[in-house]
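*Asks:* Below is the file coords18.txt, with compact mmCIF, C-alpha atoms.
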# COMPACT_ATOMS: atom_id res chain seq x y z
CA MET A 602 -24.50 -17.55 3.68
CA LYS A 603 -22.76 -20.92 3.61
CA ARG A 604 -20.98 -22.25 6.69
CA GLU A 605 -17.64 -22.31 4.83
CA LEU A 606 -18.00 -18.64 3.93
CA LYS A 607 -18.64 -17.74 7.57
CA ILE A 608 -15.49 -19.61 8.60
CA LEU A 609 -13.48 -17.88 5.88
CA LEU A 610 -14.82 -14.47 6.93
CA ALA A 611 -14.01 -15.15 10.58
CA SER A 612 -10.47 -16.30 9.85
CA ALA A 613 -9.85 -13.32 7.56
CA GLY A 614 -11.30 -10.97 10.15
CA PHE A 615 -8.82 -12.05 12.81
CA SER A 616 -5.95 -12.11 10.31
CA THR A 617 -6.81 -8.63 9.03
CA PHE A 618 -7.00 -7.36 12.59
CA VAL A 619 -3.50 -8.63 13.37
CA TYR A 620 -1.90 -7.40 10.14
CA SER A 621 -3.43 -3.94 10.56
CA MET A 622 -2.21 -3.44 14.13
CA LEU A 623 1.30 -2.56 12.98
CA GLY A 624 0.66 -0.82 9.65
CA PRO A 625 0.33 2.80 10.77
CA ILE A 626 3.23 2.60 13.24
CA TYR A 627 5.61 0.37 11.28
CA ALA A 628 8.07 3.16 10.46
CA ILE A 629 8.19 4.17 14.13
CA PHE A 630 9.14 0.61 15.07
CA VAL A 631 11.86 0.55 12.41
CA GLU A 632 13.21 3.81 13.80
CA GLU A 633 13.19 2.37 17.31
CA ILE A 634 15.53 -0.46 16.26
CA GLY A 635 17.98 1.89 14.56
CA GLY A 636 16.52 2.16 11.08
CA GLY A 637 14.91 4.99 9.22
CA VAL A 638 12.67 5.81 6.31
CA LEU A 639 14.81 3.89 3.81
CA GLU A 640 14.97 0.74 5.96
CA ALA A 641 11.17 0.77 6.35
CA SER A 642 10.86 1.22 2.58
CA TYR A 643 13.31 -1.63 1.91
CA ALA A 644 11.31 -3.91 4.19
CA ILE A 645 7.99 -3.23 2.50
CA SER A 646 9.64 -3.49 -0.91
CA ILE A 647 11.05 -6.93 0.00
CA PHE A 648 7.64 -8.07 1.24
CA THR A 649 5.76 -6.96 -1.87
CA PHE A 650 8.39 -8.28 -4.29
CA VAL A 651 8.60 -11.70 -2.61
CA SER A 652 4.80 -11.89 -2.41
CA GLY A 653 4.37 -10.99 -6.08
CA VAL A 654 6.95 -13.43 -7.42
CA LEU A 655 5.84 -16.31 -5.19
CA ILE A 656 2.15 -15.74 -5.87
CA TYR A 657 2.86 -16.01 -9.58
CA LEU A 658 4.85 -19.23 -9.10
CA LEU A 659 2.80 -20.95 -6.39
CA THR A 660 -0.65 -20.39 -7.89
CA ARG A 661 0.20 -22.68 -10.80
CA TRP A 662 0.78 -25.44 -8.26
CA GLU A 663 -2.03 -24.47 -5.83
CA ASP A 664 -4.65 -25.01 -8.55
CA LYS A 665 -3.70 -28.70 -8.53
CA VAL A 666 -3.71 -29.21 -4.76
CA LYS A 667 -6.61 -31.40 -3.67
CA HIS A 668 -7.12 -30.06 -0.12
CA GLN A 669 -6.59 -26.34 -0.55
CA GLU A 670 -7.86 -25.72 2.99
CA LYS A 671 -4.52 -27.07 4.23
CA LEU A 672 -2.71 -24.35 2.28
CA LEU A 673 -4.92 -21.76 3.95
CA ILE A 674 -3.94 -23.09 7.37
CA LEU A 675 -0.26 -23.19 6.35
CA GLY A 676 -0.43 -19.55 5.22
CA TYR A 677 -1.93 -18.45 8.53
CA PHE A 678 0.67 -20.50 10.44
CA LEU A 679 3.54 -18.90 8.50
CA SER A 680 2.07 -15.50 9.35
CA SER A 681 2.12 -16.47 13.04
CA ILE A 682 5.81 -17.33 12.74
CA GLY A 683 6.39 -13.90 11.22
CA PHE A 684 4.57 -12.13 14.04
CA PHE A 685 6.46 -14.10 16.68
CA SER A 686 9.73 -13.23 14.94
CA TYR A 687 9.10 -9.51 15.48
CA ILE A 688 9.63 -10.11 19.21
CA LEU A 689 13.24 -11.12 18.48
CA VAL A 690 14.15 -8.15 16.24
CA THR A 691 17.10 -6.03 17.37
CA LYS A 692 18.43 -4.69 14.04
CA PRO A 693 16.84 -3.41 10.82
CA PHE A 694 18.32 -6.37 8.91
CA HIS A 695 16.14 -8.75 10.93
CA ILE A 696 12.95 -7.22 9.57
CA TYR A 697 14.06 -8.00 6.02
CA ILE A 698 14.09 -11.71 6.89
CA ILE A 699 10.69 -11.41 8.53
CA GLU A 700 9.28 -9.70 5.44
CA VAL A 701 10.42 -12.69 3.36
CA ILE A 702 8.47 -14.94 5.77
CA PHE A 703 5.41 -12.71 5.37
CA GLY A 704 5.87 -12.69 1.59
CA LEU A 705 5.80 -16.49 1.58
CA ALA A 706 2.81 -16.55 3.94
CA ILE A 707 0.79 -14.21 1.74
CA ALA A 708 1.81 -16.10 -1.42
CA VAL A 709 0.48 -19.34 0.05
CA LEU A 710 -2.54 -17.81 1.75
CA SER A 711 -3.99 -15.05 -0.40
CA PRO A 712 -4.74 -16.79 -3.74
CA VAL A 713 -6.06 -19.93 -2.05
CA TYR A 714 -8.25 -17.82 0.23
CA ASP A 715 -9.71 -15.96 -2.75
CA GLY A 716 -10.33 -19.25 -4.55
CA LEU A 717 -12.06 -20.88 -1.58
CA TYR A 718 -14.10 -17.75 -0.88
CA SER A 719 -15.21 -17.49 -4.53
CA LYS A 720 -16.05 -21.20 -4.66
CA ASN A 721 -18.39 -20.86 -1.68
CA LEU A 722 -20.30 -17.77 -2.80
CA ASP A 723 -24.06 -18.16 -3.05
CA LYS A 724 -25.44 -17.83 -6.55
CA GLY A 725 -26.90 -14.38 -7.10
CA LYS A 726 -25.06 -12.95 -4.08
CA PHE A 727 -21.54 -12.57 -5.47
CA ILE A 728 -21.42 -8.82 -4.99
CA SER A 729 -23.05 -8.70 -1.55
CA GLU A 730 -20.93 -11.57 -0.18
CA TRP A 731 -17.71 -10.03 -1.50
CA GLY A 732 -19.10 -6.80 -0.04
CA ASP A 733 -19.29 -8.55 3.34
CA TRP A 734 -15.57 -9.28 3.05
CA GLU A 735 -14.72 -5.71 2.00
CA SER A 736 -16.82 -4.18 4.75
CA MET A 737 -15.30 -6.49 7.37
CA ALA A 738 -11.75 -5.68 6.22
CA TYR A 739 -12.21 -1.90 6.47
CA ILE A 740 -14.04 -1.94 9.80
CA VAL A 741 -11.61 -4.41 11.40
CA SER A 742 -8.60 -2.48 10.04
CA SER A 743 -9.85 0.75 11.57
CA LEU A 744 -10.27 -0.84 14.99
CA SER A 745 -6.95 -2.68 14.87
CA ALA A 746 -4.90 0.34 13.72
CA LEU A 747 -6.13 2.18 16.78
CA SER A 748 -5.59 -0.85 19.05
CA GLY A 749 -2.04 -1.36 17.79
CA GLY A 750 -1.15 2.26 18.41
CA ILE A 751 -2.56 2.22 21.94
CA LEU A 752 -0.76 -1.03 22.85
CA ALA A 753 2.57 0.18 21.45
CA LYS A 754 2.30 3.56 23.21
CA TYR A 755 1.40 2.25 26.65
CA PHE A 756 3.05 -1.19 26.72
CA GLY A 757 5.76 -1.06 24.05
CA PHE A 758 6.37 -2.86 20.78
CA ARG A 759 7.46 -6.19 22.32
CA PHE A 760 4.12 -6.47 24.12
CA LEU A 761 2.28 -5.51 20.93
CA PHE A 762 4.12 -8.22 18.99
CA PHE A 763 3.31 -10.82 21.61
CA VAL A 764 -0.38 -9.89 21.43
CA MET A 765 -0.21 -9.98 17.62
CA PHE A 766 1.37 -13.43 17.73
CA LEU A 767 -1.34 -14.79 20.05
CA LEU A 768 -4.12 -13.28 17.96
CA SER A 769 -2.54 -14.61 14.77
CA LEU A 770 -3.07 -18.16 16.01
CA ILE A 771 -6.86 -17.69 16.00
CA PRO A 772 -7.22 -17.87 12.17
CA VAL A 773 -5.15 -21.07 12.19
CA PHE A 774 -7.59 -22.73 14.58
CA VAL A 775 -10.72 -21.22 13.00
CA SER A 776 -9.61 -22.57 9.60
CA LEU A 777 -9.30 -26.06 10.99
CA ALA A 778 -13.11 -26.17 10.93
CA LEU A 779 -12.86 -26.30 7.13
CA LEU A 780 -10.88 -29.56 7.38
CA LYS A 781 -13.39 -31.19 9.71
CA ARG A 782 -16.14 -30.39 7.23
CA GLU A 783 -14.05 -31.85 4.39
CA LYS A 784 -13.52 -35.10 6.32
CA LYS A 785 -17.26 -35.43 7.00
CA ASN A 786 -18.03 -34.96 3.29
CA VAL A 787 -15.45 -37.61 2.32
CA ASN A 788 -16.85 -40.08 4.87
CA LEU A 789 -20.42 -39.53 3.61
CA SER A 790 -19.27 -40.07 0.02
CA ASN A 791 -17.57 -43.33 0.95
CA LEU A 792 -20.69 -44.51 2.81
CA ARG A 793 -22.92 -43.76 -0.19
CA LYS A 794 -20.59 -45.68 -2.50
CA ARG A 795 -20.75 -48.74 -0.25
CA LEU A 796 -24.57 -48.66 -0.19
Could the structure of this file be written out as C-alpha cells, please?
*Replies:*
Amino acid sequence: MKRELKILLASAGFSTFVYSMLGPIYAIFVEEIGGGVLEASYAISIFTFVSGVLIYLLTRWEDKVKHQEKLLILGYFLSSIGFFSYILVTKPFHIYIIEVIFGLAIAVLSPVYDGLYSKNLDKGKFISEWGDWESMAYIVSSLSALSGGILAKYFGFRFLFFVMFLLSLIPVFVSLALLKREKKNVNLSNLRKRL
C-alpha cells in the first residue's frame, strides 16, 4: 500500500471517528436544546441538501485545482470549525447554521478525498484497498458511536463536543503529510530538469 493511501486512510479514520460520535445521539442533543424530532430532521435535511448542491457545483472546479491535497486539508479544517461551533449552541436555530458549515466541509472534502484515494490505489488491488477503507469506516464508526454515547452520558454534550473538536484537528495535521510529500516531488523534478 502506498504511503499516500496510508495517510488518507489515517485521516479518514480519525474524521470518521469524530463524525460518528454524535450520530446515534443527535436527536437527544437537539431535544436538550429545546428542539424535537422535526428540528433534528430539518438540520439533517439542511446538511444533506447543502452538501448535494455544493458537491455538484464545486467538483467542476476541484477537477482543475493543481494541489488537491490543500482542499482536503481545508475540508477537514471546516469540519473542525463545525465541531467547535456545537459548543456554542443554545437554540435549535444554531444547529441549522452549523449544518451549513458541515455541508460546505463535506462538499470540499468528500469528492477530493475520493479522487486522491482512487489515484493512489495500487494496480490490481482496487477492490481490496477500497475494502480497507470500508472496513475501517465500519469498525471505527462502531467504536465511536459507543464512545460518544458514554462521553455524553457521563460528562455531558459540551464535553463531548470539546473532545470532538480536538479529535477533528488530527485529520488536518495528518493530511499535512501529503503536502510535504508533494513539495519533495516538486523539488526533485526541478533538480532533474537542471541536471
*Asks:* List as an MDAnalysis selection string the protein and nucleic acid residues near Ser642 in chain A, meaning an atom at most 10 Å away when all atoms listed in the file are counted, but skip any in the same chain fewer than 5 places from it.
*Replies:* chainID A and resid 628 631 637 647:648
*Asks:* Find the spatial neighbours of Leu610 in chain A, counting all atoms listed in the file, within a cut-off of 9 Å - ignore same-chain residues fewer than 4 positions away - and output them as a JSON list (two decimals) with C-alpha atoms, keeping the file's coordinate frame.
*Replies:*
[["chain", "number", "residue", "atom", "x", "y", "z"],
["A", 605, "GLU", "CA", -17.64, -22.31, 4.83],
["A", 606, "LEU", "CA", -18.00, -18.64, 3.93],
["A", 614, "GLY", "CA", -11.30, -10.97, 10.15],
["A", 615, "PHE", "CA", -8.82, -12.05, 12.81],
["A", 718, "TYR", "CA", -14.10, -17.75, -0.88],
["A", 733, "ASP", "CA", -19.29, -8.55, 3.34],
["A", 734, "TRP", "CA", -15.57, -9.28, 3.05],
["A", 737, "MET", "CA", -15.30, -6.49, 7.37]]
*Asks:* Can you work out the spacing between CA of Pro712 in chain A and CA of Leu777 in chain A in Å, to one decimal?
*Replies:*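 Interatomic distance, CA of Pro712 in chain A to CA of Leu777 in chain A: 18.0 Å.
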*Asks:* Find the residues near Asp723 in chain A: any atom within 12 Å, counting only C-alpha atoms, skip ones fewer than 5 places away on the same chain, and give them as a PyMOL selection string.
*Replies:* chain A and resi 602-607+718+728-731
*Asks:* Since we have the selection now, will you write its residues out, keeping C-alpha atoms, as a PDB file, in the coordinates of the input?
*Replies:*
ATOM      1  CA  MET A 602     -24.500 -17.550   3.680  1.00  0.00           C
ATOM      2  CA  LYS A 603     -22.760 -20.920   3.610  1.00  0.00           C
ATOM      3  CA  ARG A 604     -20.980 -22.250   6.690  1.00  0.00           C
ATOM      4  CA  GLU A 605     -17.640 -22.310   4.830  1.00  0.00           C
ATOM      5  CA  LEU A 606     -18.000 -18.640   3.930  1.00  0.00           C
ATOM      6  CA  LYS A 607     -18.640 -17.740   7.570  1.00  0.00           C
ATOM      7  CA  TYR A 718     -14.100 -17.750  -0.880  1.00  0.00           C
ATOM      8  CA  ILE A 728     -21.420  -8.820  -4.990  1.00  0.00           C
ATOM      9  CA  SER A 729     -23.050  -8.700  -1.550  1.00  0.00           C
ATOM     10  CA  GLU A 730     -20.930 -11.570  -0.180  1.00  0.00           C
ATOM     11  CA  TRP A 731     -17.710 -10.030  -1.500  1.00  0.00           C
TER      12      TRP A 731
END
*Asks:* Need to verify the contact set: Tyr697 in chain A, 10 Å, only C-alpha atoms, exclusion of same-chain residues closer than 2 positions in sequence. Can you return it as number ranges by chain?
*Replies:* A: 640-641, 643-648, 692-695, 699-703
*Asks:* What lies within 10 Å of Thr660 in chain A using all atoms listed in the file, ignoring chain neighbours under 5 positions off, as a list in words?
*Replies:* Leu655, Lys665, Val666, Ala708, Val709, Ser711, Pro712 and Val713 of chain A
*Asks:* Kindly indicate which residue among A:Gly704, A:Glu633, A:Phe756, A:Asp715 lies nearest to Phe650 in chain A, using all atoms listed in the file for the distances.
*Replies:* A:Gly704
*Asks:* Please report the interatomic distance between CA of Tyr714 in chain A and CA of Gly750 in chain A in Å with one decimal.
*Replies:*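 According to the coordinates, CA of Tyr714 in chain A and CA of Gly750 in chain A are separated by 28.0 Å.
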*Asks:* Which one is closest to Leu658 in chain A: A:Leu770, A:Leu779, A:Leu705, A:Ile698? Count all atoms listed in the file.
*Replies:*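 Smallest distance to Leu658 in chain A is found for A:Leu705.
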*Asks:* Could you tell me how far CA of Met622 in chain A lies from CA of Ser686 in chain A, in Å and to one decimal?
*Replies:*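 That distance, rounded to one decimal, is 15.5 Å.
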*Asks:* Using all atoms listed in the file, find the one residue out of A:Ser748, A:Gln669, A:Ser621, A:Ser776 that sits nearest to Phe684 in chain A.
*Replies:* A:Ser621
*Asks:* Residues within 10 Å of (-2.8, -8.0, 16.4), file coordinates, counting only C-alpha atoms: what are they? Give the list as a list in words.
*Replies:* Phe615, Ser616, Thr617, Phe618, Val619, Tyr620, Ser621, Met622, Leu623, Phe684, Ser745, Ala746, Ser748, Gly749, Leu752, Leu761, Phe762, Phe763, Val764, Met765, Phe766, Leu767, Leu768 and Ser769 of chain A
*Asks:* The selected residues should be written to file as a PDB file, keeping the file's coordinate frame (atoms: C-alpha atoms).
*Replies:*
ATOM      1  CA  PHE A 615      -8.820 -12.050  12.810  1.00  0.00           C
ATOM      2  CA  SER A 616      -5.950 -12.110  10.310  1.00  0.00           C
ATOM      3  CA  THR A 617      -6.810  -8.630   9.030  1.00  0.00           C
ATOM      4  CA  PHE A 618      -7.000  -7.360  12.590  1.00  0.00           C
ATOM      5  CA  VAL A 619      -3.500  -8.630  13.370  1.00  0.00           C
ATOM      6  CA  TYR A 620      -1.900  -7.400  10.140  1.00  0.00           C
ATOM      7  CA  SER A 621      -3.430  -3.940  10.560  1.00  0.00           C
ATOM      8  CA  MET A 622      -2.210  -3.440  14.130  1.00  0.00           C
ATOM      9  CA  LEU A 623       1.300  -2.560  12.980  1.00  0.00           C
ATOM     10  CA  PHE A 684       4.570 -12.130  14.040  1.00  0.00           C
ATOM     11  CA  SER A 745      -6.950  -2.680  14.870  1.00  0.00           C
ATOM     12  CA  ALA A 746      -4.900   0.340  13.720  1.00  0.00           C
ATOM     13  CA  SER A 748      -5.590  -0.850  19.050  1.00  0.00           C
ATOM     14  CA  GLY A 749      -2.040  -1.360  17.790  1.00  0.00           C
ATOM     15  CA  LEU A 752      -0.760  -1.030  22.850  1.00  0.00           C
ATOM     16  CA  LEU A 761       2.280  -5.510  20.930  1.00  0.00           C
ATOM     17  CA  PHE A 762       4.120  -8.220  18.990  1.00  0.00           C
ATOM     18  CA  PHE A 763       3.310 -10.820  21.610  1.00  0.00           C
ATOM     19  CA  VAL A 764      -0.380  -9.890  21.430  1.00  0.00           C
ATOM     20  CA  MET A 765      -0.210  -9.980  17.620  1.00  0.00           C
ATOM     21  CA  PHE A 766       1.370 -13.430  17.730  1.00  0.00           C
ATOM     22  CA  LEU A 767      -1.340 -14.790  20.050  1.00  0.00           C
ATOM     23  CA  LEU A 768      -4.120 -13.280  17.960  1.00  0.00           C
ATOM     24  CA  SER A 769      -2.540 -14.610  14.770  1.00  0.00           C
TER      25      SER A 769
END
